[in-house]
Amino acid sequence: MCSKSLVSIEDISKDEILDLLERARYFEQHPNSKILDGKVAATLFFEPSTRTRLSFETAVNRLGGRIIGFSDPGTSSSVKGETLKDTIKMVSNYTDIIIMRHFLEGAARYATEVTDVPIINAGDGANQHPSQTMLDLYSIMKTQGGLENLTITMVGDLKYGRTVHSLLMAMKYFNPRFIFVASKELAMPQEYKDFCRAEGIEYIETEDFSPEVINQSDIIYMTRVQRERFTDPMEYERVKDLYTLHNAMLEGSKPNLRILHPLPRVNEIDRDVDDNPKAYYFDQARNGLFARQAIITRALGINPLEK
Amino acid sequence: MSNEKKELAVAALRRGTVIDHIPSSAVFKAVKILGLEDMPHAVTIGCNLASKKLGSKGIIKVSEHIFDKADLDRIALIAPTAVVNIIEDYNVVEKRPVSVPDTITGIVRCTNPKCITNNEPMATKFDVVAREPEIRIRCRYCNHTYTGSDAKIL
Ligand SMILES: [Zn+2]
């Protein structure tokens with residue numbers, strides 16, 4: 001097991017999060033630092049995710065590293081019955097770091113137990129996706145000038161949306177205030193509200209995506225409301241438009257407000273928001289590159305800030 | 001008749017381990033977890049015995065075998081009320097409750113079908129995340145949590 005692996009955002013401390021954010025800031029200024037010369041990274045995508053894979057592979061390429069791996073589970077050995085353990089052990093012989101995405105929950109954690117090569121979790125089913133959380137934190141820090149004392153409004157699917165759960169937990173170090181906006185069916189699960197209570201984090205829960213909520217927010221984090229999450233299709237029809245953001249709704253919002261969304265979006269953010277300077281979701285995705293460069297260099301024990 | 005049964009249940013051990021105050025419903029799970037099927041020594045299992053504390057209790061007596069604390073603590077999740085008596089020369093030399101260890105390896109099954117532990121030949125691992133008011137355990141891999149009473153034994 002390698003201590004520089006990143007499986008879950010909960011595994012790392014406040015100092016480590018701040019270190020990663022410092023690195024991300026460096027890479028935004030120097031995206032093409034050739035500091036991975038001679039290093040080989042494996043990207044093992046047991047489940048396809050073009051968006052995430054391209055971001056990680058760009059991160060390695062811009063740092064001058066090389067990539068091996070697979071992105072089509074149809075060609076990977078797991079379909080021929082090889083265990084995950086055997087695949088990880090085999091790949092460990094060739095690479096300095098393994099970036100993996102898997103449809104099974106806990107796959108990345110298990111991988112860390114069978115190899116000494118650092119493992120980066122690029123998503124394990126509905127469980128964890130720490131590089132998304134790091135790019136969210138970086139986006140918030142960059143747009144707000146810091147992470148402390150912000151009002152963060154989370155909207156849409158708060159029940160199944162793993163990105164909002166991870167962000168909520170990572171924000172515990174920075175004295176946030178949360179507003180949870182969702183229908184009853186997709187409300188924030190009790191365990192995360194318990195988490196807030198235990199950490200002394202203030203939160204408000206409402207079904208109403210009202211001007212009052214919008215106008216006190218520093219960050220609005222939109223998520224996709226998917227039809228298949230609803231047991232009652234009528235309920236989906238009733239709520240889907242209630243949690244759609246339109247440009248007109250931003251009229252009285254704070255000047256520093258920024259709209260985030262993990263992408264891809266369906267229709268929860270109207271296209272008329274895209275040209276508003278408060279729309280940040282496309283830049284947010286770009287920050288994923290720097291956040292991933294930060295995660296990769298930490299895992300390899302290479303510090304660009306020490307040069 | 002009932003007197004005779006009662007005597008049988010409490011018959012003294014010369015040396016061994018007595019696990020008392022097991023909830024009746026958990027006795028056979030405890031037998032399985034402790035691997036008593038393969039025990040070469042005399043094993044006495046009592047079930048549905050009268051108990052002031054539990055209403056109905058079970059008891060397991062294993063002669064000539066002193067279990068490690070860690071082995072006995074493996075039943076704590078399903079039998080939190082159990083009390084262990086270590087017997088030497090007909091005397092109780094040690095008496096203590098069982099306690100759930102911080103990490104539970106290979107006893108509980110994770111019921112999440114998408115959990116890696118249900119798809120790879122590997123041991124399950126659960127971390128205790130709360131002890132009050134009820135034990136809560138969390139799968140080390142998929143993070144699903146369970147209370148002690150709804151945990152499924154492998
Ligand atoms: Zn699990």
# chains A, B, ... in the order shown; residues from 1 in each chain; ligands from 1
>>> residues_near_ligand(ligand="ligand 1", cutoff="8 Å", atoms="only C-alpha atoms and all ligand atoms", output="compact mmCIF listing (two decimals) with C-alpha atoms, in the first residue's frame")
# COMPACT_ATOMS: atom_id res chain seq x y z
CA GLU A 105 -17.64 0.45 -5.34
CA GLY A 106 -14.47 0.05 -3.32
CA ARG B 109 -21.24 -9.59 4.43
CA CYS B 110 -21.75 -6.26 2.67
CA THR B 111 -25.23 -6.36 1.12
CA ASN B 112 -24.39 -3.81 -1.57
CA LYS B 114 -22.02 -3.36 -6.42
CA CYS B 115 -19.46 -3.61 -3.62
CA ILE B 116 -16.07 -4.99 -4.67
CA THR B 117 -16.22 -7.51 -1.80
CA ASN B 118 -19.13 -9.28 -3.54
CA THR B 124 -14.78 -8.17 3.90
CA ARG B 138 -19.09 0.85 7.69
CA CYS B 139 -17.78 -1.20 4.79
CA ARG B 140 -14.11 -0.25 4.31
CA TYR B 141 -14.62 -0.50 0.55
CA CYS B 142 -18.00 0.86 -0.54
CA ASN B 143 -18.75 2.91 2.61
CA HIS B 144 -22.24 1.49 3.10
>>> residues_around(residues="region 50-60 of chain A", least_positions_apart="4", cutoff="10 Å", atoms="only C-alpha atoms", output="MDAnalysis selection string")
chainID A and resid 27 31:32 34:37 39:45 64:68 70:71 99:101 122:123 131:132 263:264 285:297
>>> residues_around(residues="Thr133 (chain A)", least_positions_apart="2", cutoff="7 Å", atoms="only C-alpha atoms", output="list in words")
His129, Pro130, Ser131, Leu135, Asp136, Leu137, Thr163, Ser166 and Leu167 of chain A
>>> interface_residues(of="chain A", to="chain B", cutoff="7 Å", atoms="only C-alpha atoms", output="MDAnalysis selection string")
chainID A and resid 83 104:107 109:110 127
>>> write_last_selection(atoms="all heavy atoms", output="PDB file, in the first residue's frame")
ATOM      1  N   THR A  83      -9.176 -11.582 -12.003  1.00  0.00           N
ATOM      2  CA  THR A  83      -9.597 -10.772 -10.869  1.00  0.00           C
ATOM      3  C   THR A  83      -8.960  -9.383 -10.967  1.00  0.00           C
ATOM      4  O   THR A  83      -7.942  -9.188 -11.645  1.00  0.00           O
ATOM      5  CB  THR A  83      -9.164 -11.403  -9.535  1.00  0.00           C
ATOM      6  OG1 THR A  83      -7.728 -11.480  -9.528  1.00  0.00           O
ATOM      7  CG2 THR A  83      -9.754 -12.788  -9.349  1.00  0.00           C
ATOM      8  N   LEU A 104     -17.376  -0.975  -9.924  1.00  0.00           N
ATOM      9  CA  LEU A 104     -17.642  -1.525  -8.586  1.00  0.00           C
ATOM     10  C   LEU A 104     -17.160  -0.576  -7.491  1.00  0.00           C
ATOM     11  O   LEU A 104     -16.074  -0.002  -7.583  1.00  0.00           O
ATOM     12  CB  LEU A 104     -16.965  -2.886  -8.430  1.00  0.00           C
ATOM     13  CG  LEU A 104     -17.553  -4.007  -9.285  1.00  0.00           C
ATOM     14  CD1 LEU A 104     -16.679  -5.252  -9.194  1.00  0.00           C
ATOM     15  CD2 LEU A 104     -18.998  -4.326  -8.891  1.00  0.00           C
ATOM     16  N   GLU A 105     -17.960  -0.459  -6.441  1.00  0.00           N
ATOM     17  CA  GLU A 105     -17.643   0.450  -5.345  1.00  0.00           C
ATOM     18  C   GLU A 105     -16.597  -0.183  -4.427  1.00  0.00           C
ATOM     19  O   GLU A 105     -16.761  -1.316  -4.002  1.00  0.00           O
ATOM     20  CB  GLU A 105     -18.929   0.783  -4.579  1.00  0.00           C
ATOM     21  CG  GLU A 105     -19.917   1.498  -5.484  1.00  0.00           C
ATOM     22  CD  GLU A 105     -21.325   1.569  -4.914  1.00  0.00           C
ATOM     23  OE1 GLU A 105     -21.492   1.484  -3.690  1.00  0.00           O
ATOM     24  OE2 GLU A 105     -22.261   1.712  -5.736  1.00  0.00           O
ATOM     25  N   GLY A 106     -15.541   0.577  -4.163  1.00  0.00           N
ATOM     26  CA  GLY A 106     -14.473   0.051  -3.320  1.00  0.00           C
ATOM     27  C   GLY A 106     -13.327  -0.554  -4.107  1.00  0.00           C
ATOM     28  O   GLY A 106     -12.335  -1.004  -3.524  1.00  0.00           O
ATOM     29  N   ALA A 107     -13.452  -0.567  -5.436  1.00  0.00           N
ATOM     30  CA  ALA A 107     -12.413  -1.189  -6.273  1.00  0.00           C
ATOM     31  C   ALA A 107     -11.059  -0.505  -6.057  1.00  0.00           C
ATOM     32  O   ALA A 107     -10.022  -1.172  -5.938  1.00  0.00           O
ATOM     33  CB  ALA A 107     -12.819  -1.139  -7.743  1.00  0.00           C
ATOM     34  N   ARG A 109     -10.003   1.256  -3.439  1.00  0.00           N
ATOM     35  CA  ARG A 109      -9.489   0.970  -2.087  1.00  0.00           C
ATOM     36  C   ARG A 109      -8.818  -0.409  -2.073  1.00  0.00           C
ATOM     37  O   ARG A 109      -7.733  -0.583  -1.526  1.00  0.00           O
ATOM     38  CB  ARG A 109     -10.632   1.010  -1.065  1.00  0.00           C
ATOM     39  CG  ARG A 109     -10.257   0.601   0.345  1.00  0.00           C
ATOM     40  CD  ARG A 109      -9.621   1.713   1.142  1.00  0.00           C
ATOM     41  NE  ARG A 109     -10.530   2.817   1.343  1.00  0.00           N
ATOM     42  CZ  ARG A 109     -10.151   4.081   1.527  1.00  0.00           C
ATOM     43  NH1 ARG A 109      -8.871   4.386   1.534  1.00  0.00           N
ATOM     44  NH2 ARG A 109     -11.030   5.041   1.684  1.00  0.00           N
ATOM     45  N   TYR A 110      -9.494  -1.361  -2.660  1.00  0.00           N
ATOM     46  CA  TYR A 110      -8.941  -2.716  -2.692  1.00  0.00           C
ATOM     47  C   TYR A 110      -7.626  -2.737  -3.480  1.00  0.00           C
ATOM     48  O   TYR A 110      -6.661  -3.384  -3.073  1.00  0.00           O
ATOM     49  CB  TYR A 110      -9.964  -3.690  -3.300  1.00  0.00           C
ATOM     50  CG  TYR A 110      -9.469  -5.110  -3.369  1.00  0.00           C
ATOM     51  CD1 TYR A 110      -9.058  -5.769  -2.208  1.00  0.00           C
ATOM     52  CD2 TYR A 110      -9.395  -5.788  -4.577  1.00  0.00           C
ATOM     53  CE1 TYR A 110      -8.594  -7.069  -2.260  1.00  0.00           C
ATOM     54  CE2 TYR A 110      -8.936  -7.093  -4.635  1.00  0.00           C
ATOM     55  CZ  TYR A 110      -8.525  -7.731  -3.472  1.00  0.00           C
ATOM     56  OH  TYR A 110      -8.061  -9.013  -3.528  1.00  0.00           O
ATOM     57  N   ASN A 127     -19.526   5.559  -5.546  1.00  0.00           N
ATOM     58  CA  ASN A 127     -18.837   5.809  -4.278  1.00  0.00           C
ATOM     59  C   ASN A 127     -18.025   7.111  -4.259  1.00  0.00           C
ATOM     60  O   ASN A 127     -18.524   8.132  -3.802  1.00  0.00           O
ATOM     61  CB  ASN A 127     -17.978   4.587  -3.943  1.00  0.00           C
ATOM     62  CG  ASN A 127     -17.446   4.604  -2.533  1.00  0.00           C
ATOM     63  OD1 ASN A 127     -18.026   5.235  -1.667  1.00  0.00           O
ATOM     64  ND2 ASN A 127     -16.344   3.923  -2.299  1.00  0.00           N
TER      65      ASN A 127
END
>>> closest_residue(among="A:Ser139, A:Thr153, A:Ser217, A:Asn175", to="Glu199 (chain A)", atoms="only C-alpha atoms")
A:Asn175
>>> select_by_dssp(residues="region 69-302 of chain A", states="alpha helix (DSSP H)", output="number ranges by chain")
A: 84-92, 107-114, 130-144, 162-170, 190-199, 211-215, 233-239, 281-299
>>> residues_around(residues="Val62 (chain B)", least_positions_apart="6", cutoff="8 Å", atoms="only C-alpha atoms", output="list of chain:residue names")
B:Gly16, B:Thr17, B:Val18, B:His41, B:Ala42, B:Val43, B:Thr44
>>> write_last_selection(atoms="C-alpha atoms", output="mmCIF file, in the first residue's frame")
data_model
loop_
_atom_site.group_PDB
_atom_site.id
_atom_site.type_symbol
_atom_site.label_atom_id
_atom_site.label_comp_id
_atom_site.auth_asym_id
_atom_site.auth_seq_id
_atom_site.Cartn_x
_atom_site.Cartn_y
_atom_site.Cartn_z
ATOM 1 C CA GLY B 16 -12.634 -24.397 29.246
ATOM 2 C CA THR B 17 -14.695 -21.439 28.096
ATOM 3 C CA VAL B 18 -18.311 -20.632 28.939
ATOM 4 C CA HIS B 41 -13.565 -31.068 22.344
ATOM 5 C CA ALA B 42 -16.940 -31.407 24.058
ATOM 6 C CA VAL B 43 -19.251 -28.530 23.170
ATOM 7 C CA THR B 44 -22.546 -27.928 24.971
#
>>> select_by_dssp(residues="region 40-117 of chain B", states="strand (DSSP E)", output="VMD selection string")
chain B and resid 43 to 51 55 to 63 83 to 88 91 to 97 103 to 105 108 to 109
>>> write_last_selection(atoms="N, CA, C and O atoms", output="compact mmCIF listing (two decimals), in the first residue's frame")
# COMPACT_ATOMS: atom_id res chain seq x y z
N VAL B 43 -18.59 -29.83 23.27
CA VAL B 43 -19.25 -28.53 23.17
C VAL B 43 -20.69 -28.71 23.61
O VAL B 43 -21.38 -29.62 23.14
N THR B 44 -21.15 -27.89 24.54
CA THR B 44 -22.55 -27.93 24.97
C THR B 44 -23.20 -26.62 24.55
O THR B 44 -22.67 -25.55 24.81
N ILE B 45 -24.34 -26.77 23.88
CA ILE B 45 -25.04 -25.57 23.42
C ILE B 45 -26.42 -25.55 24.07
O ILE B 45 -27.17 -26.52 23.97
N GLY B 46 -26.72 -24.45 24.74
CA GLY B 46 -28.05 -24.30 25.35
C GLY B 46 -28.77 -23.15 24.69
O GLY B 46 -28.16 -22.14 24.32
N CYS B 47 -30.07 -23.32 24.51
CA CYS B 47 -30.85 -22.29 23.82
C CYS B 47 -32.18 -22.11 24.51
O CYS B 47 -32.68 -23.05 25.13
N ASN B 48 -32.75 -20.91 24.43
CA ASN B 48 -34.06 -20.63 25.02
C ASN B 48 -34.11 -20.93 26.51
O ASN B 48 -35.10 -21.43 27.02
N LEU B 49 -33.04 -20.64 27.22
CA LEU B 49 -33.01 -20.80 28.67
C LEU B 49 -33.58 -19.52 29.29
O LEU B 49 -33.46 -18.44 28.72
N ALA B 50 -34.18 -19.69 30.47
CA ALA B 50 -34.76 -18.52 31.13
C ALA B 50 -33.66 -17.55 31.54
O ALA B 50 -32.60 -17.95 32.00
N SER B 51 -33.91 -16.27 31.34
CA SER B 51 -32.93 -15.26 31.73
C SER B 51 -33.66 -14.03 32.24
O SER B 51 -34.60 -13.55 31.60
N GLY B 55 -34.79 -12.30 29.06
CA GLY B 55 -36.03 -13.04 28.82
C GLY B 55 -35.70 -14.47 28.43
O GLY B 55 -36.11 -15.42 29.08
N SER B 56 -34.89 -14.59 27.38
CA SER B 56 -34.47 -15.91 26.91
C SER B 56 -33.02 -15.78 26.48
O SER B 56 -32.65 -14.81 25.83
N LYS B 57 -32.22 -16.75 26.88
CA LYS B 57 -30.80 -16.62 26.54
C LYS B 57 -30.24 -17.94 26.04
O LYS B 57 -30.86 -19.00 26.17
N GLY B 58 -29.07 -17.86 25.49
CA GLY B 58 -28.37 -19.06 25.10
C GLY B 58 -27.03 -19.12 25.82
O GLY B 58 -26.56 -18.11 26.36
N ILE B 59 -26.46 -20.31 25.84
CA ILE B 59 -25.16 -20.48 26.50
C ILE B 59 -24.34 -21.49 25.69
O ILE B 59 -24.91 -22.42 25.11
N ILE B 60 -23.06 -21.25 25.60
CA ILE B 60 -22.18 -22.18 24.89
C ILE B 60 -21.03 -22.53 25.83
O ILE B 60 -20.40 -21.64 26.41
N LYS B 61 -20.81 -23.84 25.97
CA LYS B 61 -19.70 -24.27 26.82
C LYS B 61 -18.75 -25.14 25.99
O LYS B 61 -19.17 -26.08 25.34
N VAL B 62 -17.50 -24.78 26.05
CA VAL B 62 -16.51 -25.52 25.29
C VAL B 62 -15.46 -26.01 26.28
O VAL B 62 -14.80 -25.19 26.93
N SER B 63 -15.33 -27.32 26.40
CA SER B 63 -14.36 -27.81 27.39
C SER B 63 -12.96 -27.90 26.77
O SER B 63 -12.81 -28.04 25.56
N VAL B 83 -21.34 -12.77 27.87
CA VAL B 83 -20.32 -12.67 28.91
C VAL B 83 -19.47 -13.94 28.85
O VAL B 83 -19.99 -15.04 28.77
N VAL B 84 -18.16 -13.73 28.89
CA VAL B 84 -17.23 -14.86 28.77
C VAL B 84 -16.70 -15.24 30.15
O VAL B 84 -16.33 -14.38 30.93
N ASN B 85 -16.72 -16.55 30.44
CA ASN B 85 -16.11 -17.07 31.66
C ASN B 85 -15.01 -18.05 31.27
O ASN B 85 -15.27 -19.01 30.55
N ILE B 86 -13.82 -17.77 31.75
CA ILE B 86 -12.71 -18.70 31.51
C ILE B 86 -12.58 -19.58 32.76
O ILE B 86 -12.49 -19.05 33.89
N ILE B 87 -12.61 -20.89 32.56
CA ILE B 87 -12.64 -21.83 33.68
C ILE B 87 -11.33 -22.62 33.77
O ILE B 87 -10.87 -23.17 32.78
N GLU B 88 -10.74 -22.60 34.94
CA GLU B 88 -9.59 -23.47 35.24
C GLU B 88 -9.87 -24.17 36.56
O GLU B 88 -10.27 -23.51 37.53
N ASN B 91 -12.91 -23.41 38.55
CA ASN B 91 -13.08 -22.03 39.02
C ASN B 91 -13.10 -21.04 37.86
O ASN B 91 -12.35 -21.21 36.90
N VAL B 92 -13.92 -20.02 38.01
CA VAL B 92 -13.92 -18.94 37.02
C VAL B 92 -12.70 -18.08 37.29
O VAL B 92 -12.60 -17.43 38.33
N VAL B 93 -11.72 -18.12 36.38
CA VAL B 93 -10.51 -17.32 36.61
C VAL B 93 -10.58 -15.98 35.89
O VAL B 93 -9.80 -15.07 36.16
N GLU B 94 -11.52 -15.87 34.94
CA GLU B 94 -11.67 -14.59 34.26
C GLU B 94 -13.11 -14.48 33.80
O GLU B 94 -13.70 -15.45 33.31
N LYS B 95 -13.70 -13.29 33.96
CA LYS B 95 -15.08 -13.07 33.55
C LYS B 95 -15.14 -11.67 32.94
O LYS B 95 -14.70 -10.71 33.55
N ARG B 96 -15.61 -11.60 31.71
CA ARG B 96 -15.66 -10.29 31.07
C ARG B 96 -16.69 -10.28 29.94
O ARG B 96 -16.99 -11.32 29.36
N PRO B 97 -17.22 -9.09 29.64
CA PRO B 97 -18.13 -8.99 28.49
C PRO B 97 -17.34 -9.04 27.19
O PRO B 97 -16.12 -8.83 27.19
N THR B 103 -12.11 -2.95 14.03
CA THR B 103 -12.22 -3.45 12.66
C THR B 103 -12.69 -4.89 12.68
O THR B 103 -12.17 -5.70 13.46
N ILE B 104 -13.67 -5.19 11.84
CA ILE B 104 -14.24 -6.54 11.79
C ILE B 104 -13.88 -7.13 10.43
O ILE B 104 -14.30 -6.61 9.40
N THR B 105 -13.08 -8.18 10.44
CA THR B 105 -12.61 -8.76 9.19
C THR B 105 -13.27 -10.11 8.94
O THR B 105 -13.21 -11.00 9.80
N VAL B 108 -18.82 -10.25 8.51
CA VAL B 108 -20.05 -9.64 8.02
C VAL B 108 -20.00 -9.54 6.50
O VAL B 108 -18.94 -9.29 5.92
N ARG B 109 -21.15 -9.74 5.88
CA ARG B 109 -21.24 -9.59 4.43
C ARG B 109 -21.78 -8.20 4.11
O ARG B 109 -22.70 -7.72 4.78
>>> atom_distance(atom1="CA of Val98 (chain B)", atom2="CA of Ala30 (chain B)")
12.1 Å
>>> atom_distance(atom1="CA of Lys159 (chain A)", atom2="CA of Leu186 (chain A)")
4.7 Å
>>> atom_distance(atom1="CA of Gly200 (chain A)", atom2="CA of Glu16 (chain A)")
21.8 Å
>>> closest_residue(among="A:Phe195, A:Asp275, A:Asp157, A:Tyr281", to="Tyr236 (chain A)", atoms="only C-alpha atoms")
A:Asp157
>>> closest_residue(among="B:Leu36, B:Ile19, B:Leu54, B:Val27", to="Lys69 (chain B)", atoms="only C-alpha atoms")
B:Ile19
